[in-house]
$ cat data-v1.txt   # compact mmCIF, C-alpha atoms
# COMPACT_ATOMS: atom_id res chain seq x y z
CA TYR A 216 -5.99 -34.59 149.81
CA TYR A 217 -3.36 -32.31 148.29
CA TRP A 218 -0.75 -33.32 150.89
CA TYR A 219 -0.84 -36.90 149.62
CA SER A 220 -1.81 -36.47 145.97
CA LYS A 221 -0.06 -33.23 144.91
CA ASP A 222 -2.98 -32.82 142.50
CA THR A 223 -2.44 -29.30 141.15
CA LYS A 224 -6.09 -28.95 140.09
CA VAL A 225 -7.08 -28.25 143.70
CA ILE A 226 -4.54 -25.46 144.25
CA GLU A 227 -6.81 -22.72 142.92
CA PRO A 228 -9.83 -23.59 145.12
CA ILE A 229 -7.54 -24.03 148.12
CA ASN A 230 -6.12 -20.55 147.55
CA LYS A 231 -9.66 -19.21 147.32
CA VAL A 232 -10.48 -20.76 150.70
CA ILE A 233 -7.45 -19.10 152.28
CA ASP A 234 -8.22 -15.77 150.63
CA PHE A 235 -11.82 -15.92 151.85
CA LEU A 236 -11.19 -16.98 155.45
CA GLN A 237 -8.45 -14.43 156.12
CA TYR A 238 -11.09 -11.67 156.21
CA PHE A 239 -12.88 -13.31 159.15
CA ILE A 240 -9.94 -13.60 161.51
CA HIS A 241 -10.86 -11.15 164.29
CA PRO A 242 -8.41 -8.86 166.11
CA ASP A 243 -9.09 -10.70 169.40
CA LYS A 244 -7.73 -13.94 167.85
CA THR A 245 -11.12 -15.56 167.25
CA ILE A 246 -12.79 -16.55 164.01
CA GLY A 247 -16.34 -16.95 162.79
CA GLY A 248 -19.51 -16.60 164.81
CA GLU A 249 -23.04 -15.33 164.54
CA TYR A 250 -22.76 -13.88 161.04
CA GLY A 251 -22.10 -17.33 159.55
CA SER A 252 -24.78 -19.78 158.48
CA ARG A 253 -24.02 -22.14 161.40
CA ASN A 254 -22.75 -19.71 164.07
CA THR A 255 -19.66 -21.87 164.49
CA THR A 256 -16.50 -20.49 166.09
CA TYR A 257 -13.98 -23.34 166.14
CA PHE A 258 -10.97 -23.52 163.82
CA MET A 259 -9.00 -26.52 162.55
CA PRO A 260 -5.36 -25.77 161.61
CA ASN A 261 -4.19 -28.72 159.52
CA GLY A 262 -5.23 -27.40 156.12
CA PHE A 263 -3.38 -24.17 156.76
CA ALA A 264 -0.36 -26.00 158.16
CA THR A 265 -0.28 -28.01 154.92
CA MET A 266 -0.37 -24.89 152.76
CA GLU A 267 2.42 -23.31 154.80
CA ILE A 268 4.66 -26.08 153.46
CA VAL A 269 3.39 -26.98 149.99
CA GLY A 270 1.35 -23.92 149.01
CA ASP A 271 2.54 -21.14 146.73
CA ALA A 272 4.60 -18.35 148.25
CA ASP A 273 1.81 -15.79 148.64
CA PHE A 274 -1.00 -17.91 150.05
CA GLY A 275 1.44 -20.06 152.02
CA LYS A 276 2.44 -16.92 153.88
CA VAL A 277 -1.23 -16.00 154.48
CA ALA A 278 -1.95 -19.49 155.83
CA ALA A 279 1.07 -19.29 158.14
CA SER A 280 -0.02 -15.86 159.41
CA ILE A 281 -3.51 -17.15 160.20
CA ASN A 282 -2.29 -20.18 162.15
CA HIS A 283 0.42 -18.22 163.93
CA PHE A 284 -1.92 -15.39 164.96
CA ILE A 285 -4.82 -17.55 166.12
CA PHE A 286 -2.79 -20.10 168.08
CA GLU A 287 0.14 -18.14 169.51
CA ASP A 288 -1.73 -17.70 172.83
CA ILE A 289 -3.52 -21.06 172.89
CA ASN A 290 -2.13 -21.86 176.37
CA LEU A 291 -4.33 -19.16 177.89
CA ASN A 292 -7.45 -20.48 179.63
CA GLU A 293 -9.64 -17.96 177.82
CA HIS A 294 -8.51 -19.06 174.34
CA PHE A 295 -11.63 -19.52 172.24
CA MET A 296 -10.78 -23.12 171.24
CA ASN A 297 -11.10 -24.14 174.89
CA SER A 298 -14.87 -23.78 174.45
CA VAL A 299 -15.05 -26.82 172.18
CA ASP A 300 -16.69 -29.67 174.09
CA GLU A 301 -15.28 -33.19 174.46
CA ARG A 302 -17.48 -34.71 171.77
CA TYR A 303 -16.32 -32.35 169.04
CA MET A 304 -12.77 -32.31 170.30
CA THR A 305 -12.31 -36.07 170.15
CA HIS A 306 -14.01 -37.00 166.89
CA TYR A 307 -13.76 -33.81 164.87
CA VAL A 308 -11.12 -31.32 165.96
CA LEU A 309 -8.29 -33.22 167.65
CA HIS A 310 -7.02 -35.04 164.56
CA SER A 311 -6.52 -31.72 162.78
CA PHE A 312 -4.30 -30.44 165.60
CA LEU A 313 -2.28 -33.66 165.69
CA ARG A 314 -1.71 -33.57 161.93
CA ALA A 315 -0.72 -29.90 162.10
CA LEU A 316 1.73 -30.56 164.95
CA ALA A 317 3.33 -33.37 162.94
CA LYS A 318 4.15 -30.82 160.22
CA MET A 319 5.83 -28.29 162.52
CA ASP A 320 9.37 -29.50 161.74
CA LYS A 321 8.71 -28.96 158.02
CA ASN A 322 7.32 -25.46 158.45
CA THR A 323 9.66 -22.62 157.48
CA ASN A 324 7.17 -19.79 158.04
CA ASN A 325 7.59 -19.50 161.80
CA ASN A 326 7.56 -15.69 161.76
CA PRO A 327 5.20 -14.68 158.96
CA ASP A 328 5.10 -10.95 158.27
CA TYR A 329 1.79 -10.87 156.38
CA VAL A 330 -0.71 -8.36 157.83
CA LEU A 331 -4.20 -9.83 158.14
CA PRO A 332 -7.16 -7.77 156.83
CA CYS A 333 -8.52 -7.04 160.31
CA PHE A 334 -5.42 -4.89 160.88
CA LYS A 335 -5.36 -2.92 157.62
CA GLU A 336 -7.84 -0.57 155.98
CA HIS A 337 -10.14 -2.27 153.51
CA LYS A 338 -13.72 -2.92 152.50
CA LYS A 339 -14.55 -6.38 151.19
CA VAL A 340 -17.96 -7.63 150.04
CA PHE A 341 -18.69 -11.28 149.29
CA ASP A 342 -21.90 -11.13 147.25
CA ASP A 343 -22.68 -14.86 147.16
CA SER A 344 -22.46 -15.36 150.92
CA GLY A 345 -23.73 -11.89 151.83
CA LEU A 346 -20.75 -11.23 154.08
CA MET A 347 -18.86 -7.98 154.39
CA THR A 348 -15.83 -6.80 156.37
CA ILE A 349 -14.54 -3.27 156.75
CA ASN A 350 -11.58 -1.64 158.51
CA ASN A 351 -11.33 2.14 158.41
CA GLY A 352 -8.28 2.49 160.64
CA ILE A 353 -10.43 3.07 163.76
CA TYR A 354 -12.43 -0.14 163.92
CA TYR A 355 -12.93 -3.47 162.17
CA ALA A 356 -16.49 -4.69 161.51
CA VAL A 357 -17.88 -7.90 160.06
CA CYS A 358 -21.47 -8.18 158.84
CA GLY A 359 -23.83 -11.01 157.90
CA ILE A 360 -26.01 -9.07 155.49
CA LYS A 361 -27.93 -12.04 154.08
CA LYS A 362 -28.67 -13.00 157.68
CA GLY A 363 -30.64 -9.81 158.30
CA GLY A 364 -27.74 -7.41 158.73
CA LEU A 365 -25.96 -8.85 161.78
CA ILE A 366 -22.87 -6.93 162.83
CA LYS A 367 -19.88 -7.38 165.13
CA VAL A 368 -17.42 -4.53 165.74
CA TYR A 369 -13.88 -4.61 167.12
CA LYS A 370 -11.63 -1.81 168.34
CA SER A 371 -7.97 -2.60 168.80
CA ASP A 372 -7.96 -6.21 170.04
CA LYS A 373 -11.40 -6.48 171.62
CA GLU A 374 -15.01 -6.79 170.53
CA VAL A 375 -16.90 -3.64 171.56
CA PHE A 376 -20.30 -3.87 169.87
CA CYS A 377 -22.69 -6.41 168.37
CA ASP A 378 -26.23 -6.38 167.04
CA PHE A 379 -28.19 -9.45 165.97
CA GLY A 380 -31.55 -8.03 164.89
CA TYR A 381 -34.92 -8.79 166.51
CA ARG A 382 -37.29 -11.51 167.67
CA HIS A 383 -41.03 -11.67 168.16
CA LYS A 384 -42.32 -14.43 170.42
CA GLN A 385 -45.75 -15.73 169.45
CA ASN A 386 -47.87 -15.91 172.58
CA GLU A 387 -49.65 -19.21 171.97
CA SER A 388 -46.94 -21.29 170.32
CA SER A 389 -43.32 -22.27 170.59
CA LYS A 390 -42.45 -20.31 167.47
CA ASN A 391 -40.32 -17.20 167.23
CA ALA A 392 -40.36 -14.72 164.37
CA ILE A 393 -36.84 -13.43 163.76
CA THR A 394 -34.83 -11.24 161.41
CA ASN A 395 -31.44 -12.98 161.85
CA TRP A 396 -32.12 -15.84 159.46
CA LEU A 397 -30.62 -16.75 156.08
CA ASP A 398 -33.52 -15.85 153.81
CA PRO A 399 -33.06 -15.77 150.01
CA LYS A 400 -36.05 -13.42 149.80
CA TYR A 401 -34.23 -10.61 151.61
CA GLU A 402 -33.56 -7.63 149.35
CA ILE A 403 -30.03 -6.25 149.69
CA LEU A 404 -28.48 -3.02 148.46
CA TYR A 405 -24.79 -2.13 148.86
CA LYS A 406 -23.55 1.47 148.89
CA ASP A 407 -20.14 3.09 149.33
CA ASN A 408 -20.19 3.27 153.12
CA SER A 409 -23.43 1.47 153.97
CA PHE A 410 -25.76 -1.40 153.18
CA ASN A 411 -29.52 -1.90 153.25
CA VAL A 412 -31.45 -5.15 153.79
CA LYS A 413 -35.20 -5.62 153.97
CA GLY A 414 -37.65 -8.48 154.22
CA MET A 415 -40.08 -10.16 156.60
CA PHE A 416 -39.64 -11.81 159.99
CA ASN A 417 -39.02 -15.56 159.59
CA LEU A 418 -41.05 -18.03 161.65
CA VAL A 419 -38.81 -20.57 163.38
CA GLY A 420 -40.22 -23.41 165.45
CA GLN A 421 -38.52 -24.68 168.58
CA LYS A 422 -38.82 -28.43 169.05
CA VAL A 423 -38.95 -29.42 172.72
CA GLN A 424 -37.94 -33.02 173.36
CA ASN A 425 -40.24 -35.32 175.35
CA PRO A 426 -40.45 -39.14 175.75
CA ILE A 427 -43.33 -39.61 173.29
CA TYR A 428 -41.74 -37.41 170.63
CA HIS A 429 -38.39 -39.15 171.08
CA LEU A 430 -39.93 -42.64 170.89
CA GLY A 431 -41.83 -41.73 167.73
CA LEU A 432 -38.67 -40.42 166.12
CA ARG A 433 -36.77 -43.61 166.98
CA VAL A 434 -39.50 -45.88 165.59
CA THR A 435 -39.78 -43.81 162.40
CA SER A 436 -35.99 -43.89 161.96
CA PHE A 437 -35.94 -47.66 162.45
CA ILE A 438 -38.63 -48.21 159.83
CA PHE A 439 -37.54 -45.70 157.18
CA GLY A 440 -33.83 -45.32 157.95
CA LYS A 441 -31.91 -42.53 156.24
CA LYS A 442 -34.82 -41.81 153.93
CA ILE A 443 -36.29 -39.42 156.50
CA ASN A 444 -33.07 -37.40 156.96
CA THR A 445 -34.08 -34.82 154.37
CA LEU A 446 -37.48 -34.34 155.98
CA ILE A 447 -36.00 -34.01 159.48
CA LYS A 448 -33.46 -31.44 158.29
CA LYS A 449 -36.18 -29.46 156.57
CA ILE A 450 -38.24 -29.40 159.77
CA LEU A 451 -35.39 -28.64 162.19
CA LEU A 452 -32.96 -26.52 160.15
CA PHE A 453 -34.89 -24.55 157.58
CA SER A 454 -37.81 -22.16 157.48
CA ASP A 455 -39.78 -20.81 154.56
CA LYS A 456 -42.63 -19.29 156.56
CA HIS A 457 -42.98 -15.65 157.47
CA GLU A 458 -44.93 -13.54 159.92
CA ASP A 459 -46.73 -10.37 158.87
CA ILE A 460 -43.98 -8.13 160.23
CA CYS A 461 -41.71 -6.34 157.78
CA PHE A 462 -38.33 -4.86 158.55
CA GLU A 463 -35.73 -2.74 156.82
CA ARG A 464 -32.24 -2.21 158.19
CA GLU A 465 -29.68 0.35 157.06
CA VAL A 466 -26.16 0.30 158.50
CA VAL A 467 -23.93 3.30 157.86
CA PHE A 468 -20.20 3.18 158.58
CA GLU A 469 -18.68 6.53 159.51
CA LYS A 470 -15.23 7.37 160.78
CA ASN A 471 -15.91 7.27 164.52
CA ASN A 472 -19.39 5.77 164.74
CA ILE A 473 -21.75 3.23 163.22
CA THR A 474 -25.44 4.05 162.77
CA ILE A 475 -28.12 1.35 162.47
CA THR A 476 -31.62 2.43 161.41
CA ASP A 477 -34.34 -0.22 161.67
CA SER A 478 -37.84 0.37 160.29
CA ILE A 479 -40.38 -2.23 161.41
CA ILE A 480 -43.95 -2.41 160.09
CA ASN A 481 -46.53 -4.42 162.04
CA LYS A 482 -49.32 -5.86 159.85
CA LEU A 483 -50.85 -8.11 162.51
CA ASN A 484 -53.60 -5.59 163.45
CA LYS A 485 -52.64 -5.74 167.12
CA GLU A 486 -49.94 -4.32 169.34
CA ILE A 487 -46.88 -6.54 169.51
CA THR A 488 -43.65 -6.59 171.46
CA ILE A 489 -40.35 -7.33 169.80
CA GLU A 490 -37.03 -7.74 171.55
CA GLU A 491 -33.43 -7.38 170.52
CA ALA A 492 -32.06 -10.81 169.65
CA SER A 493 -29.19 -12.38 171.53
CA ASN A 494 -26.27 -14.05 169.76
CA PHE A 495 -27.74 -17.51 170.46
CA SER A 496 -28.83 -19.04 167.16
CA LEU A 497 -32.28 -20.58 166.83
CA ARG A 498 -30.98 -22.85 164.06
CA LEU A 499 -30.46 -26.38 165.37
CA VAL A 500 -26.67 -26.59 165.03
CA ALA A 501 -24.95 -28.24 168.00
CA SER A 502 -21.50 -26.95 167.04
CA GLY A 503 -22.83 -23.38 167.10
CA LYS A 504 -23.64 -23.52 170.83
CA PHE A 505 -20.13 -23.30 172.27
CA PHE A 506 -19.33 -20.45 174.64
CA SER A 507 -18.20 -17.24 172.96
CA SER A 508 -16.89 -14.05 174.53
CA THR A 509 -19.77 -12.29 172.77
CA ASP A 510 -22.08 -14.06 175.25
CA LEU A 511 -20.80 -11.65 177.91
CA LEU A 512 -20.56 -8.52 175.77
CA LYS A 513 -24.27 -7.77 175.87
CA THR A 514 -26.43 -9.13 178.67
CA GLU A 515 -29.50 -6.85 178.48
CA TYR A 516 -31.86 -6.77 175.50
CA ASN A 517 -34.43 -4.02 175.02
CA ASN A 518 -38.11 -4.63 174.27
CA PHE A 519 -40.12 -2.41 171.95
CA LYS A 520 -43.91 -2.19 171.61
CA ILE A 521 -45.20 -1.62 168.07
CA ASN A 522 -48.69 -0.68 166.95
CA LYS A 523 -48.34 0.12 163.24
CA SER A 524 -44.70 0.96 162.71
CA LEU A 525 -41.57 1.84 164.62
CA THR A 526 -38.22 3.28 163.59
CA ILE A 527 -35.31 2.42 165.88
CA LYS A 528 -32.11 4.37 165.34
CA LYS A 529 -28.97 3.17 167.13
CA LYS A 530 -25.72 5.07 167.04
CA PHE A 531 -22.62 3.42 168.45
CA ASP A 532 -19.77 5.82 169.24
CA ILE A 533 -16.53 3.93 168.70
CA LEU A 534 -14.32 6.23 170.75
CA SER A 535 -16.51 6.34 173.88
CA GLU A 536 -18.01 2.86 173.27
CA ASN A 537 -21.47 4.25 174.06
CA LEU A 538 -24.71 3.30 172.31
CA TYR A 539 -27.50 5.84 171.79
CA TYR A 540 -31.14 5.06 170.90
CA GLU A 541 -33.76 7.17 169.13
CA LEU A 542 -37.34 5.89 168.63
CA ASN A 543 -40.10 7.10 166.31
CA GLN A 544 -43.46 5.36 166.79
CA GLU A 545 -46.54 5.44 164.53
CA ARG A 546 -49.70 4.39 166.34
$ encode --input "data-v1.txt" --output "structure tokens"
Amino acid sequence: YYWYSKDTKVIEPINKVIDFLQYFIHPDKTIGGEYGSRNTTYFMPNGFATMEIVGDADFGKVAASINHFIFEDINLNEHFMNSVDERYMTHYVLHSFLRALAKMDKNTNNNPDYVLPCFKEHKKVFDDSGLMTINNGIYYAVCGIKKGGLIKVYKSDKEVFCDFGYRHKQNESSKNAITNWLDPKYEILYKDNSFNVKGMFNLVGQKVQNPIYHLGLRVTSFIFGKKINTLIKKILLFSDKHEDICFEREVVFEKNNITITDSIINKLNKEITIEEASNFSLRLVASGKFFSSTDLLKTEYNNFKINKSLTIKKKFDILSENLYYELNQER
């Protein structure tokens, strides 16, 4: 819009977008992921290519640094954008690349010298979105606090640790109770070198497609049209139901290690088993299902039996890249 209109009223919000997104460029040249509301990991360069040319000096340089850093090794097979499937590439992503390429001859920021936040010491908290990034000179971490305290940690140019909370599978249904869900009822407390989040496990249903269900959906859509979109989204994308399992997570950032302390209280009056959650989102978002290198970082997920309460303490040593567990069970 700005490229064609030169409407100066949009400059300030555009700069805010650039300022926000720069904190989520990872040292391994990826962006986004599990801590976001949609788990998406693709990146479209045209907006940043535009601001390299017509943006102000400061944010134009930031935009150029982002594009240059993320795409300088795009010819490698393992580049994260190669995970985007054909459907999204053709109708959603490709046009952004073509428009950005068309601007290359107008771009004067070919060697930007701006240092992105993942490479310099900082602590940044975005209260509204519940996101936080931190770099203490040893590691860079990004956290989805409003999503139950998810965390990804990078050392040098590789991801070395991730934690996505817990799941409880209900035995007689297709529902999972999970902690890694955007829940406005979560209580959050920020401290100097830590954060605390507490709430209840969210119940999330998993819809399994079958011919009868699919036929019913088609007939309903034909009769009511777009009027049912809101209802379908509410059923498939959102959850406002909870299970009687409470959790509290505290994450402490120290110089050479990160400590996660999870306190889980079982109010179901029976022994339950919870498991560590994988990075695969239970929210129905097709664009959040592309392959990510995090898929291979952690392949085994521990199970924990809980009678009344359980405290799980995890300490990740950054230097050795080892994870240590300590359990305290109340029966």
$ closest_residue --input "data-v1.txt" --among "A:Cys377, A:Ala279, A:Leu538, A:Ile533" --to "Pro327 of chain A" --atoms "all atoms listed in the file"
A:Ala279
$ residues_around --input "data-v1.txt" --residues "Phe235 of chain A" --least-positions-apart "4" --cutoff "10 Å" --atoms "only C-alpha atoms" --output "ChimeraX atom specification"
/A:229-231,239,339,341
$ closest_atom_pairs --input "data-v1.txt" --of "segment 486-515 of chain A" --to "segment 436-455 of chain A" --cutoff "9 Å" --atoms "all atoms listed in the file" --output "CSV"
residue,atom,partner,partner_atom,distance
A:Leu497,CA,A:Leu452,CA,9.0
A:Arg498,CA,A:Leu452,CA,5.7
A:Leu499,CA,A:Leu452,CA,5.8
A:Val500,CA,A:Leu452,CA,8.0
$ closest_residue --input "data-v1.txt" --among "A:Tyr216, A:Phe295, A:Trp396, A:Phe376" --to "Ile473 of chain A" --atoms "all atoms listed in the file"
A:Phe376
$ residues_around --input "data-v1.txt" --residues "Ile360 of chain A" --least-positions-apart "4" --cutoff "9 Å" --atoms "all atoms listed in the file" --output "PyMOL selection string"
chain A and resi 250+344-347+364-366+397+403+410-412
$ write_last_selection --input "data-v1.txt" --atoms "C-alpha atoms" --output "short mmCIF file (atom, residue, chain, number, x, y, z; two decimals), keeping the file's coordinate frame"
data_model
loop_
_atom_site.label_atom_id
_atom_site.label_comp_id
_atom_site.auth_asym_id
_atom_site.auth_seq_id
_atom_site.Cartn_x
_atom_site.Cartn_y
_atom_site.Cartn_z
CA TYR A 250 -22.76 -13.88 161.04
CA SER A 344 -22.46 -15.36 150.92
CA GLY A 345 -23.73 -11.89 151.83
CA LEU A 346 -20.75 -11.23 154.08
CA MET A 347 -18.86 -7.98 154.39
CA GLY A 364 -27.74 -7.41 158.73
CA LEU A 365 -25.96 -8.85 161.78
CA ILE A 366 -22.87 -6.93 162.83
CA LEU A 397 -30.62 -16.75 156.08
CA ILE A 403 -30.03 -6.25 149.69
CA PHE A 410 -25.76 -1.40 153.18
CA ASN A 411 -29.52 -1.90 153.25
CA VAL A 412 -31.45 -5.15 153.79
#
$ residues_around --input "data-v1.txt" --residues "segment 266-277 of chain A" --least-positions-apart "2" --cutoff "12 Å" --atoms "all atoms listed in the file" --output "VMD selection string"
chain A and resid 216 to 223 225 to 238 240 260 to 264 279 to 284 315 318 to 332
$ closest_residue --input "data-v1.txt" --among "A:Leu534, A:Met415, A:Met259, A:Ile349" --to "Leu316 of chain A" --atoms "only C-alpha atoms"
A:Met259
$ closest_residue --input "data-v1.txt" --among "A:Lys400, A:Lys367, A:Lys335, A:Arg382" --to "Phe531 of chain A" --atoms "only C-alpha atoms"
A:Lys367
$ closest_residue --input "data-v1.txt" --among "A:Thr256, A:Asn292, A:Asn494, A:Thr245" --to "Asp372 of chain A" --atoms "all atoms listed in the file"
A:Thr245
$ atom_distance --input "data-v1.txt" --atom1 "atom CA of Gln544 of chain A" --atom2 "atom CA of Asn522 of chain A"
8.0 Å
$ closest_residue --input "data-v1.txt" --among "A:Ser371, A:Gly363, A:Asn254, A:Thr265" --to "Ala317 of chain A" --atoms "all atoms listed in the file"
A:Thr265
$ residues_around --input "data-v1.txt" --residues "segment 503-511 of chain A" --least-positions-apart "3" --cutoff "12 Å" --atoms "all atoms listed in the file" --output "ChimeraX atom specification"
/A:243-257,293-304,366-369,373-379,492-500,514-515
$ write_last_selection --input "data-v1.txt" --atoms "C-alpha atoms" --output "PDB file, in the frame of the given file"
ATOM      1  CA  ASP A 243      -9.090 -10.700 169.400  1.00  0.00           C
ATOM      2  CA  LYS A 244      -7.730 -13.940 167.850  1.00  0.00           C
ATOM      3  CA  THR A 245     -11.120 -15.560 167.250  1.00  0.00           C
ATOM      4  CA  ILE A 246     -12.790 -16.550 164.010  1.00  0.00           C
ATOM      5  CA  GLY A 247     -16.340 -16.950 162.790  1.00  0.00           C
ATOM      6  CA  GLY A 248     -19.510 -16.600 164.810  1.00  0.00           C
ATOM      7  CA  GLU A 249     -23.040 -15.330 164.540  1.00  0.00           C
ATOM      8  CA  TYR A 250     -22.760 -13.880 161.040  1.00  0.00           C
ATOM      9  CA  GLY A 251     -22.100 -17.330 159.550  1.00  0.00           C
ATOM     10  CA  SER A 252     -24.780 -19.780 158.480  1.00  0.00           C
ATOM     11  CA  ARG A 253     -24.020 -22.140 161.400  1.00  0.00           C
ATOM     12  CA  ASN A 254     -22.750 -19.710 164.070  1.00  0.00           C
ATOM     13  CA  THR A 255     -19.660 -21.870 164.490  1.00  0.00           C
ATOM     14  CA  THR A 256     -16.500 -20.490 166.090  1.00  0.00           C
ATOM     15  CA  TYR A 257     -13.980 -23.340 166.140  1.00  0.00           C
ATOM     16  CA  GLU A 293      -9.640 -17.960 177.820  1.00  0.00           C
ATOM     17  CA  HIS A 294      -8.510 -19.060 174.340  1.00  0.00           C
ATOM     18  CA  PHE A 295     -11.630 -19.520 172.240  1.00  0.00           C
ATOM     19  CA  MET A 296     -10.780 -23.120 171.240  1.00  0.00           C
ATOM     20  CA  ASN A 297     -11.100 -24.140 174.890  1.00  0.00           C
ATOM     21  CA  SER A 298     -14.870 -23.780 174.450  1.00  0.00           C
ATOM     22  CA  VAL A 299     -15.050 -26.820 172.180  1.00  0.00           C
ATOM     23  CA  ASP A 300     -16.690 -29.670 174.090  1.00  0.00           C
ATOM     24  CA  GLU A 301     -15.280 -33.190 174.460  1.00  0.00           C
ATOM     25  CA  ARG A 302     -17.480 -34.710 171.770  1.00  0.00           C
ATOM     26  CA  TYR A 303     -16.320 -32.350 169.040  1.00  0.00           C
ATOM     27  CA  MET A 304     -12.770 -32.310 170.300  1.00  0.00           C
ATOM     28  CA  ILE A 366     -22.870  -6.930 162.830  1.00  0.00           C
ATOM     29  CA  LYS A 367     -19.880  -7.380 165.130  1.00  0.00           C
ATOM     30  CA  VAL A 368     -17.420  -4.530 165.740  1.00  0.00           C
ATOM     31  CA  TYR A 369     -13.880  -4.610 167.120  1.00  0.00           C
ATOM     32  CA  LYS A 373     -11.400  -6.480 171.620  1.00  0.00           C
ATOM     33  CA  GLU A 374     -15.010  -6.790 170.530  1.00  0.00           C
ATOM     34  CA  VAL A 375     -16.900  -3.640 171.560  1.00  0.00           C
ATOM     35  CA  PHE A 376     -20.300  -3.870 169.870  1.00  0.00           C
ATOM     36  CA  CYS A 377     -22.690  -6.410 168.370  1.00  0.00           C
ATOM     37  CA  ASP A 378     -26.230  -6.380 167.040  1.00  0.00           C
ATOM     38  CA  PHE A 379     -28.190  -9.450 165.970  1.00  0.00           C
ATOM     39  CA  ALA A 492     -32.060 -10.810 169.650  1.00  0.00           C
ATOM     40  CA  SER A 493     -29.190 -12.380 171.530  1.00  0.00           C
ATOM     41  CA  ASN A 494     -26.270 -14.050 169.760  1.00  0.00           C
ATOM     42  CA  PHE A 495     -27.740 -17.510 170.460  1.00  0.00           C
ATOM     43  CA  SER A 496     -28.830 -19.040 167.160  1.00  0.00           C
ATOM     44  CA  LEU A 497     -32.280 -20.580 166.830  1.00  0.00           C
ATOM     45  CA  ARG A 498     -30.980 -22.850 164.060  1.00  0.00           C
ATOM     46  CA  LEU A 499     -30.460 -26.380 165.370  1.00  0.00           C
ATOM     47  CA  VAL A 500     -26.670 -26.590 165.030  1.00  0.00           C
ATOM     48  CA  THR A 514     -26.430  -9.130 178.670  1.00  0.00           C
ATOM     49  CA  GLU A 515     -29.500  -6.850 178.480  1.00  0.00           C
TER      50      GLU A 515
END
$ atom_distance --input "data-v1.txt" --atom1 "atom CA of Thr394 of chain A" --atom2 "atom CA of Asp407 of chain A"
23.8 Å
$ atom_distance --input "data-v1.txt" --atom1 "atom CA of Glu463 of chain A" --atom2 "atom CA of Ile487 of chain A"
17.3 Å
$ residues_near_point --input "data-v1.txt" --point "(-38.8, -12.8, 162.3)" --cutoff "6 Å" --atoms "all atoms listed in the file" --output "ChimeraX atom specification"
/A:382,392-394,416-418
$ residues_around --input "data-v1.txt" --residues "Ser524 of chain A" --least-positions-apart "5" --cutoff "9 Å" --atoms "all atoms listed in the file" --output "list in words"
Ser478, Ile479, Ile480, Asn481, Lys482, Asn543, Gln544, Glu545 and Arg546 of chain A
